[in-house]
Amino acid sequence: MKLVTVTILTILGLLWSALVQAQQYPTKPIRLIVPFPPAETMDVMSRLIAPKLGERLGQPVVIENRPGASGMLGLDLVARAAPDGYTIGAGQGGNMVILPHTSRNIPYNVLKDFVPIALSTTNYLAIVGALNAPFKTIGEMVAYAKANPGKLTLATNGEGGFPHLAFEHLRTMAGFTFTHVPYKGASAIVTDIIGGQVLTGITSIATATPHVKSERVRMLAVTNATRVALWAEVPAAAEAVPGYESNGWFGYVAPAGTPRDIVVRLNAEINRAIREPEVSEKLSNAGLTLVTESPQYFAEYLKRDYAKYGKLVKDIGYTPQ
C-alpha cells in the first residue's frame, strides 16, 4: 500500500510540474527554423506571423533560416531539438510527404519525429501551355496526350519533386503518357515554354502569373479541387479529370514529445496570427488558402498526404534517388 501511495504521489508530482511548466511557457525566445532561404514562401509567411506570435507569447520568435538538402537539413535540426517548445520548425508537403518516398537518405521519420502544431496554408500549382501547343484547354491537352503517346512534353523543377508527382497523379487518373523534361530552376521552365521547346509545364502560381498576364504562356488549369478566386476564369484540372486534386501545404511542427499544452497554445496563437488582416490579405494575394484548424486536423492531413504520395511513388515505379 505504501509503494502504491508513493507511486501515485510521484505521478501527480510529474503532472503538476508539467502543468506549471506549460502555464509559465514561454520564459525565453522561441527559435523558428525555416529550412529554406530567405524570401521563399515559407520564409515570407513565417516572418509575417513571427512578430504577432511574439506579441501574444511575450517572448520574441526568432527566425533561423537553415536551407539545404531540399529542406531536409532544417527539419532534421528540429527533429533533434529538445522537445520543450523553444524550437519549432516550418514544414511543407515537399519535405514532409514527398521526400520521404523519393529520397533514400532522409534523416528523419516524419510520422514519428515530429508533432504537428498547425497547418497554416495550402496552395495549388499552375498547369501552363505554350502558345503554339496543339491544345488550348486542359481537356484538349489530355486528349492530345492520349492520342499521341509520349509526345506531350512536360517541364518541371526536377525529377521526383512535388510538381512532377502532381502531374504524375493527373496522368495516372486520366490514363495518358508524357515525356518529362526536368529543369533546375523555374525561370528556365517558363523560358522554354515561351519558346515552344516544351509544350506544357507545371509550376507555382507565383512563377506562372506574370507570364500568363503578359500572354506569353497559356494557363490551362489549376491543381486545386475547384476553381480559385484569383483565377476564376481558369478551370480546375478536375473539370477534365474528375476527382483530381494535388495541393501543396505549409505548416509548423515541433519535436516529438513536446508537451501537449504547449502545442495547443502554439496552435491557437499561430491561427490567430494567420487571421490578422494584414497577414491574411498578403497570404491570400500570394495564392495561398488559409487554414486555421487544430493540431489533430493537421496530424490527420499529414498522414493522408503521406500515404497518398507513398502509393503514387510505388504506382509509377519511381526509384528513390
# chains A, B, ... in the order shown; residues from 1 in each chain; ligands from 1

call {"tool": "closest_atom_pairs", "arguments": {"of": "region 94-149 of chain A", "to": "region 155-172 of chain A", "cutoff": "9 Å", "atoms": "only C-alpha atoms", "output": "Markdown table"}}
result
| residue | atom | partner | partner_atom | distance |
| --- | --- | --- | --- | --- |
| A:Gly94 | CA | A:Phe162 | CA | 5.8 |
| A:Ile98 | CA | A:Phe162 | CA | 6.6 |
| A:Leu99 | CA | A:Gly161 | CA | 7.8 |
| A:Thr102 | CA | A:Gly160 | CA | 6.1 |
| A:Ser103 | CA | A:Gly160 | CA | 8.6 |
| A:Leu125 | CA | A:Pro163 | CA | 7.4 |
| A:Ile127 | CA | A:Phe167 | CA | 8.7 |
| A:Val142 | CA | A:Arg171 | CA | 8.5 |

call {"tool": "write_last_selection", "arguments": {"atoms": "C-alpha atoms", "output": "CSV table (one decimal), in the first residue's frame"}}
result
chain,number,residue,atom,x,y,z
A,94,GLY,CA,7.7,18.7,-50.4
A,98,ILE,CA,7.2,13.7,-50.9
A,99,LEU,CA,10.9,13.4,-50.0
A,102,THR,CA,11.6,9.8,-53.2
A,103,SER,CA,14.9,10.2,-51.3
A,125,LEU,CA,0.0,24.7,-58.9
A,127,ILE,CA,-0.5,23.9,-65.4
A,142,VAL,CA,-5.4,15.3,-72.0

call {"tool": "select_by_dssp", "arguments": {"residues": "region 11-231 of chain A", "states": "alpha helix (DSSP H)", "output": "MDAnalysis selection string"}}
result
chainID A and resid 11:24 41:57 72:80 93 99:102 110:113 138:147 162:174 186:194 205:213

call {"tool": "atom_distance", "arguments": {"atom1": "CA of Gly248 (chain A)", "atom2": "CA of Phe298 (chain A)"}}
result
13.2 Å

call {"tool": "closest_residue", "arguments": {"among": "A:Pro67, A:Gly310, A:Pro29, A:Gly243", "to": "Pro51 (chain A)", "atoms": "only C-alpha atoms"}}
result
A:Pro29

call {"tool": "select_by_dssp", "arguments": {"residues": "region 51-120 of chain A", "states": "strand (DSSP E)", "output": "mmCIF file with C-alpha atoms, in the first residue's frame"}}
result
data_model
loop_
_atom_site.group_PDB
_atom_site.id
_atom_site.type_symbol
_atom_site.label_atom_id
_atom_site.label_comp_id
_atom_site.auth_asym_id
_atom_site.auth_seq_id
_atom_site.Cartn_x
_atom_site.Cartn_y
_atom_site.Cartn_z
ATOM 1 C CA VAL A 61 10.105 34.383 -32.051
ATOM 2 C CA VAL A 62 13.438 34.315 -33.882
ATOM 3 C CA ILE A 63 13.537 33.112 -37.491
ATOM 4 C CA GLU A 64 16.534 30.942 -38.296
ATOM 5 C CA ASN A 65 16.988 30.042 -41.967
ATOM 6 C CA THR A 87 12.433 25.076 -31.110
ATOM 7 C CA ILE A 88 9.742 24.692 -33.750
ATOM 8 C CA GLY A 89 10.028 24.219 -37.488
ATOM 9 C CA ALA A 90 8.365 25.209 -40.723
ATOM 10 C CA GLY A 91 7.463 22.259 -42.882
ATOM 11 C CA GLN A 92 5.748 21.761 -46.207
ATOM 12 C CA PHE A 114 7.509 15.457 -35.151
ATOM 13 C CA VAL A 115 4.310 16.577 -33.523
ATOM 14 C CA PRO A 116 2.107 18.686 -35.835
ATOM 15 C CA ILE A 117 1.242 22.144 -34.498
ATOM 16 C CA ALA A 118 -0.697 23.956 -37.212
ATOM 17 C CA LEU A 119 -1.449 23.534 -40.896
ATOM 18 C CA SER A 120 -1.388 27.211 -41.868
#

call {"tool": "closest_residue", "arguments": {"among": "A:Met45, A:Val78, A:Met72, A:Ala237", "to": "Gly139 (chain A)", "atoms": "only C-alpha atoms"}}
result
A:Ala237

call {"tool": "residues_around", "arguments": {"residues": "Gly201 (chain A)", "least_positions_apart": "2", "cutoff": "12 Å", "atoms": "only C-alpha atoms", "output": "VMD selection string"}}
result
chain A and resid 125 to 130 133 138 141 152 to 158 163 to 164 166 to 167 178 to 183 186 to 194 196 to 199 203 to 205 207 to 208 217 to 222

call {"tool": "write_last_selection", "arguments": {"atoms": "C-alpha atoms", "output": "tab-separated table (two decimals), in the first residue's frame"}}
result
chain	number	residue	atom	x	y	z
A	125	LEU	CA	0.03	24.67	-58.85
A	126	ALA	CA	-0.50	26.05	-62.34
A	127	ILE	CA	-0.52	23.88	-65.44
A	128	VAL	CA	0.57	26.10	-68.31
A	129	GLY	CA	0.93	25.53	-72.04
A	130	ALA	CA	2.95	27.03	-74.87
A	133	ALA	CA	0.86	23.93	-78.42
A	138	ILE	CA	-6.78	21.12	-70.07
A	141	MET	CA	-4.24	18.58	-73.50
A	152	LEU	CA	3.28	15.65	-74.65
A	153	THR	CA	6.42	17.23	-73.17
A	154	LEU	CA	6.26	18.48	-69.59
A	155	ALA	CA	8.68	20.79	-67.80
A	156	THR	CA	9.06	20.67	-64.01
A	157	ASN	CA	11.59	21.80	-61.44
A	158	GLY	CA	13.04	18.33	-61.03
A	163	PRO	CA	5.18	19.37	-59.34
A	164	HIS	CA	6.41	16.23	-61.08
A	166	ALA	CA	1.33	16.25	-59.05
A	167	PHE	CA	1.37	15.76	-62.83
A	178	PHE	CA	4.07	12.22	-71.36
A	179	THR	CA	7.76	12.91	-71.66
A	180	HIS	CA	9.24	14.55	-68.58
A	181	VAL	CA	11.76	17.37	-69.05
A	182	PRO	CA	13.23	18.27	-65.61
A	183	TYR	CA	14.89	21.65	-65.04
A	186	ALA	CA	11.55	27.81	-62.54
A	187	SER	CA	12.80	30.56	-64.85
A	188	ALA	CA	14.25	28.02	-67.30
A	189	ILE	CA	10.92	26.19	-67.36
A	190	VAL	CA	8.99	29.28	-68.42
A	191	THR	CA	11.67	30.36	-70.92
A	192	ASP	CA	11.44	27.09	-72.83
A	193	ILE	CA	7.64	27.01	-72.75
A	194	ILE	CA	7.55	30.55	-74.12
A	196	GLY	CA	7.88	26.43	-77.65
A	197	GLN	CA	10.63	23.90	-76.92
A	198	VAL	CA	8.35	22.29	-74.33
A	199	LEU	CA	4.59	22.03	-74.79
A	203	THR	CA	4.89	25.22	-61.61
A	204	SER	CA	3.95	27.52	-58.76
A	205	ILE	CA	1.21	30.06	-59.32
A	207	THR	CA	6.05	31.78	-61.14
A	208	ALA	CA	3.31	31.43	-63.75
A	217	VAL	CA	2.07	31.33	-71.90
A	218	ARG	CA	-1.46	29.99	-71.51
A	219	MET	CA	-2.87	28.91	-68.15
A	220	LEU	CA	-4.57	25.57	-68.76
A	221	ALA	CA	-5.66	24.69	-65.24
A	222	VAL	CA	-5.01	24.87	-61.52

call {"tool": "closest_residue", "arguments": {"among": "A:Gln296, A:Ala69, A:Asn247, A:Arg275", "to": "Val97 (chain A)", "atoms": "only C-alpha atoms"}}
result
A:Asn247

call {"tool": "atom_distance", "arguments": {"atom1": "CA of Glu239 (chain A)", "atom2": "CA of Thr137 (chain A)"}}
result
10.6 Å

call {"tool": "residues_around", "arguments": {"residues": "Leu57 (chain A)", "least_positions_apart": "3", "cutoff": "12 Å", "atoms": "only C-alpha atoms", "output": "VMD selection string"}}
result
chain A and resid 23 to 30 50 to 54 60 to 61 85 to 86 262 265 to 270 272 to 273

call {"tool": "write_last_selection", "arguments": {"atoms": "N, CA and C atoms", "output": "PDB file, in the first residue's frame"}}
result
ATOM      1  N   GLN A  23       2.069  26.489 -18.066  1.00  0.00           N
ATOM      2  CA  GLN A  23       1.489  27.778 -17.707  1.00  0.00           C
ATOM      3  C   GLN A  23       2.537  28.888 -17.771  1.00  0.00           C
ATOM      4  N   GLN A  24       3.777  28.581 -17.440  1.00  0.00           N
ATOM      5  CA  GLN A  24       4.830  29.582 -17.455  1.00  0.00           C
ATOM      6  C   GLN A  24       5.384  29.821 -18.859  1.00  0.00           C
ATOM      7  N   TYR A  25       5.223  28.855 -19.750  1.00  0.00           N
ATOM      8  CA  TYR A  25       5.768  28.928 -21.104  1.00  0.00           C
ATOM      9  C   TYR A  25       5.197  30.111 -21.861  1.00  0.00           C
ATOM     10  N   PRO A  26       6.046  30.838 -22.607  1.00  0.00           N
ATOM     11  CA  PRO A  26       7.500  30.684 -22.687  1.00  0.00           C
ATOM     12  C   PRO A  26       8.221  31.662 -21.765  1.00  0.00           C
ATOM     13  N   THR A  27       9.392  31.287 -21.355  1.00  0.00           N
ATOM     14  CA  THR A  27      10.194  32.158 -20.487  1.00  0.00           C
ATOM     15  C   THR A  27      11.460  32.641 -21.187  1.00  0.00           C
ATOM     16  N   LYS A  28      11.617  32.273 -22.447  1.00  0.00           N
ATOM     17  CA  LYS A  28      12.779  32.719 -23.223  1.00  0.00           C
ATOM     18  C   LYS A  28      12.395  32.723 -24.698  1.00  0.00           C
ATOM     19  N   PRO A  29      13.226  33.299 -25.576  1.00  0.00           N
ATOM     20  CA  PRO A  29      12.899  33.357 -27.008  1.00  0.00           C
ATOM     21  C   PRO A  29      12.664  31.974 -27.611  1.00  0.00           C
ATOM     22  N   ILE A  30      11.820  31.941 -28.615  1.00  0.00           N
ATOM     23  CA  ILE A  30      11.496  30.712 -29.345  1.00  0.00           C
ATOM     24  C   ILE A  30      12.194  30.752 -30.699  1.00  0.00           C
ATOM     25  N   ALA A  50       5.641  35.772 -37.211  1.00  0.00           N
ATOM     26  CA  ALA A  50       6.540  35.747 -36.045  1.00  0.00           C
ATOM     27  C   ALA A  50       6.343  36.935 -35.109  1.00  0.00           C
ATOM     28  N   PRO A  51       6.252  38.175 -35.621  1.00  0.00           N
ATOM     29  CA  PRO A  51       6.034  39.299 -34.696  1.00  0.00           C
ATOM     30  C   PRO A  51       4.709  39.197 -33.948  1.00  0.00           C
ATOM     31  N   LYS A  52       3.679  38.689 -34.624  1.00  0.00           N
ATOM     32  CA  LYS A  52       2.371  38.520 -33.979  1.00  0.00           C
ATOM     33  C   LYS A  52       2.459  37.487 -32.859  1.00  0.00           C
ATOM     34  N   LEU A  53       3.188  36.399 -33.131  1.00  0.00           N
ATOM     35  CA  LEU A  53       3.370  35.371 -32.107  1.00  0.00           C
ATOM     36  C   LEU A  53       4.128  35.937 -30.913  1.00  0.00           C
ATOM     37  N   GLY A  54       5.184  36.689 -31.205  1.00  0.00           N
ATOM     38  CA  GLY A  54       5.989  37.262 -30.130  1.00  0.00           C
ATOM     39  C   GLY A  54       5.190  38.168 -29.221  1.00  0.00           C
ATOM     40  N   PRO A  60      10.227  36.941 -27.900  1.00  0.00           N
ATOM     41  CA  PRO A  60      10.474  37.024 -29.344  1.00  0.00           C
ATOM     42  C   PRO A  60      10.512  35.653 -30.001  1.00  0.00           C
ATOM     43  N   VAL A  61      10.003  35.592 -31.230  1.00  0.00           N
ATOM     44  CA  VAL A  61      10.105  34.383 -32.051  1.00  0.00           C
ATOM     45  C   VAL A  61      11.140  34.688 -33.118  1.00  0.00           C
ATOM     46  N   GLY A  85       9.298  23.130 -26.631  1.00  0.00           N
ATOM     47  CA  GLY A  85       8.545  24.252 -27.172  1.00  0.00           C
ATOM     48  C   GLY A  85       9.382  25.447 -27.565  1.00  0.00           C
ATOM     49  N   TYR A  86      10.703  25.358 -27.374  1.00  0.00           N
ATOM     50  CA  TYR A  86      11.555  26.501 -27.695  1.00  0.00           C
ATOM     51  C   TYR A  86      12.241  26.360 -29.060  1.00  0.00           C
ATOM     52  N   ILE A 262       1.610  22.938 -24.635  1.00  0.00           N
ATOM     53  CA  ILE A 262       2.410  23.904 -25.395  1.00  0.00           C
ATOM     54  C   ILE A 262       2.016  23.862 -26.869  1.00  0.00           C
ATOM     55  N   ARG A 265      -1.269  25.646 -27.328  1.00  0.00           N
ATOM     56  CA  ARG A 265      -1.139  27.097 -27.237  1.00  0.00           C
ATOM     57  C   ARG A 265      -0.511  27.670 -28.499  1.00  0.00           C
ATOM     58  N   LEU A 266       0.548  27.034 -28.980  1.00  0.00           N
ATOM     59  CA  LEU A 266       1.185  27.495 -30.207  1.00  0.00           C
ATOM     60  C   LEU A 266       0.209  27.440 -31.381  1.00  0.00           C
ATOM     61  N   ASN A 267      -0.585  26.397 -31.432  1.00  0.00           N
ATOM     62  CA  ASN A 267      -1.598  26.284 -32.488  1.00  0.00           C
ATOM     63  C   ASN A 267      -2.565  27.463 -32.456  1.00  0.00           C
ATOM     64  N   ALA A 268      -3.058  27.781 -31.256  1.00  0.00           N
ATOM     65  CA  ALA A 268      -4.017  28.884 -31.123  1.00  0.00           C
ATOM     66  C   ALA A 268      -3.399  30.209 -31.545  1.00  0.00           C
ATOM     67  N   GLU A 269      -2.156  30.444 -31.172  1.00  0.00           N
ATOM     68  CA  GLU A 269      -1.527  31.725 -31.486  1.00  0.00           C
ATOM     69  C   GLU A 269      -1.125  31.825 -32.960  1.00  0.00           C
ATOM     70  N   ILE A 270      -0.696  30.723 -33.553  1.00  0.00           N
ATOM     71  CA  ILE A 270      -0.394  30.734 -34.986  1.00  0.00           C
ATOM     72  C   ILE A 270      -1.674  30.980 -35.781  1.00  0.00           C
ATOM     73  N   ARG A 272      -4.332  32.516 -34.762  1.00  0.00           N
ATOM     74  CA  ARG A 272      -4.727  33.909 -34.532  1.00  0.00           C
ATOM     75  C   ARG A 272      -3.912  34.852 -35.430  1.00  0.00           C
ATOM     76  N   ALA A 273      -2.607  34.582 -35.530  1.00  0.00           N
ATOM     77  CA  ALA A 273      -1.735  35.427 -36.360  1.00  0.00           C
ATOM     78  C   ALA A 273      -2.100  35.334 -37.837  1.00  0.00           C
TER      79      ALA A 273
END
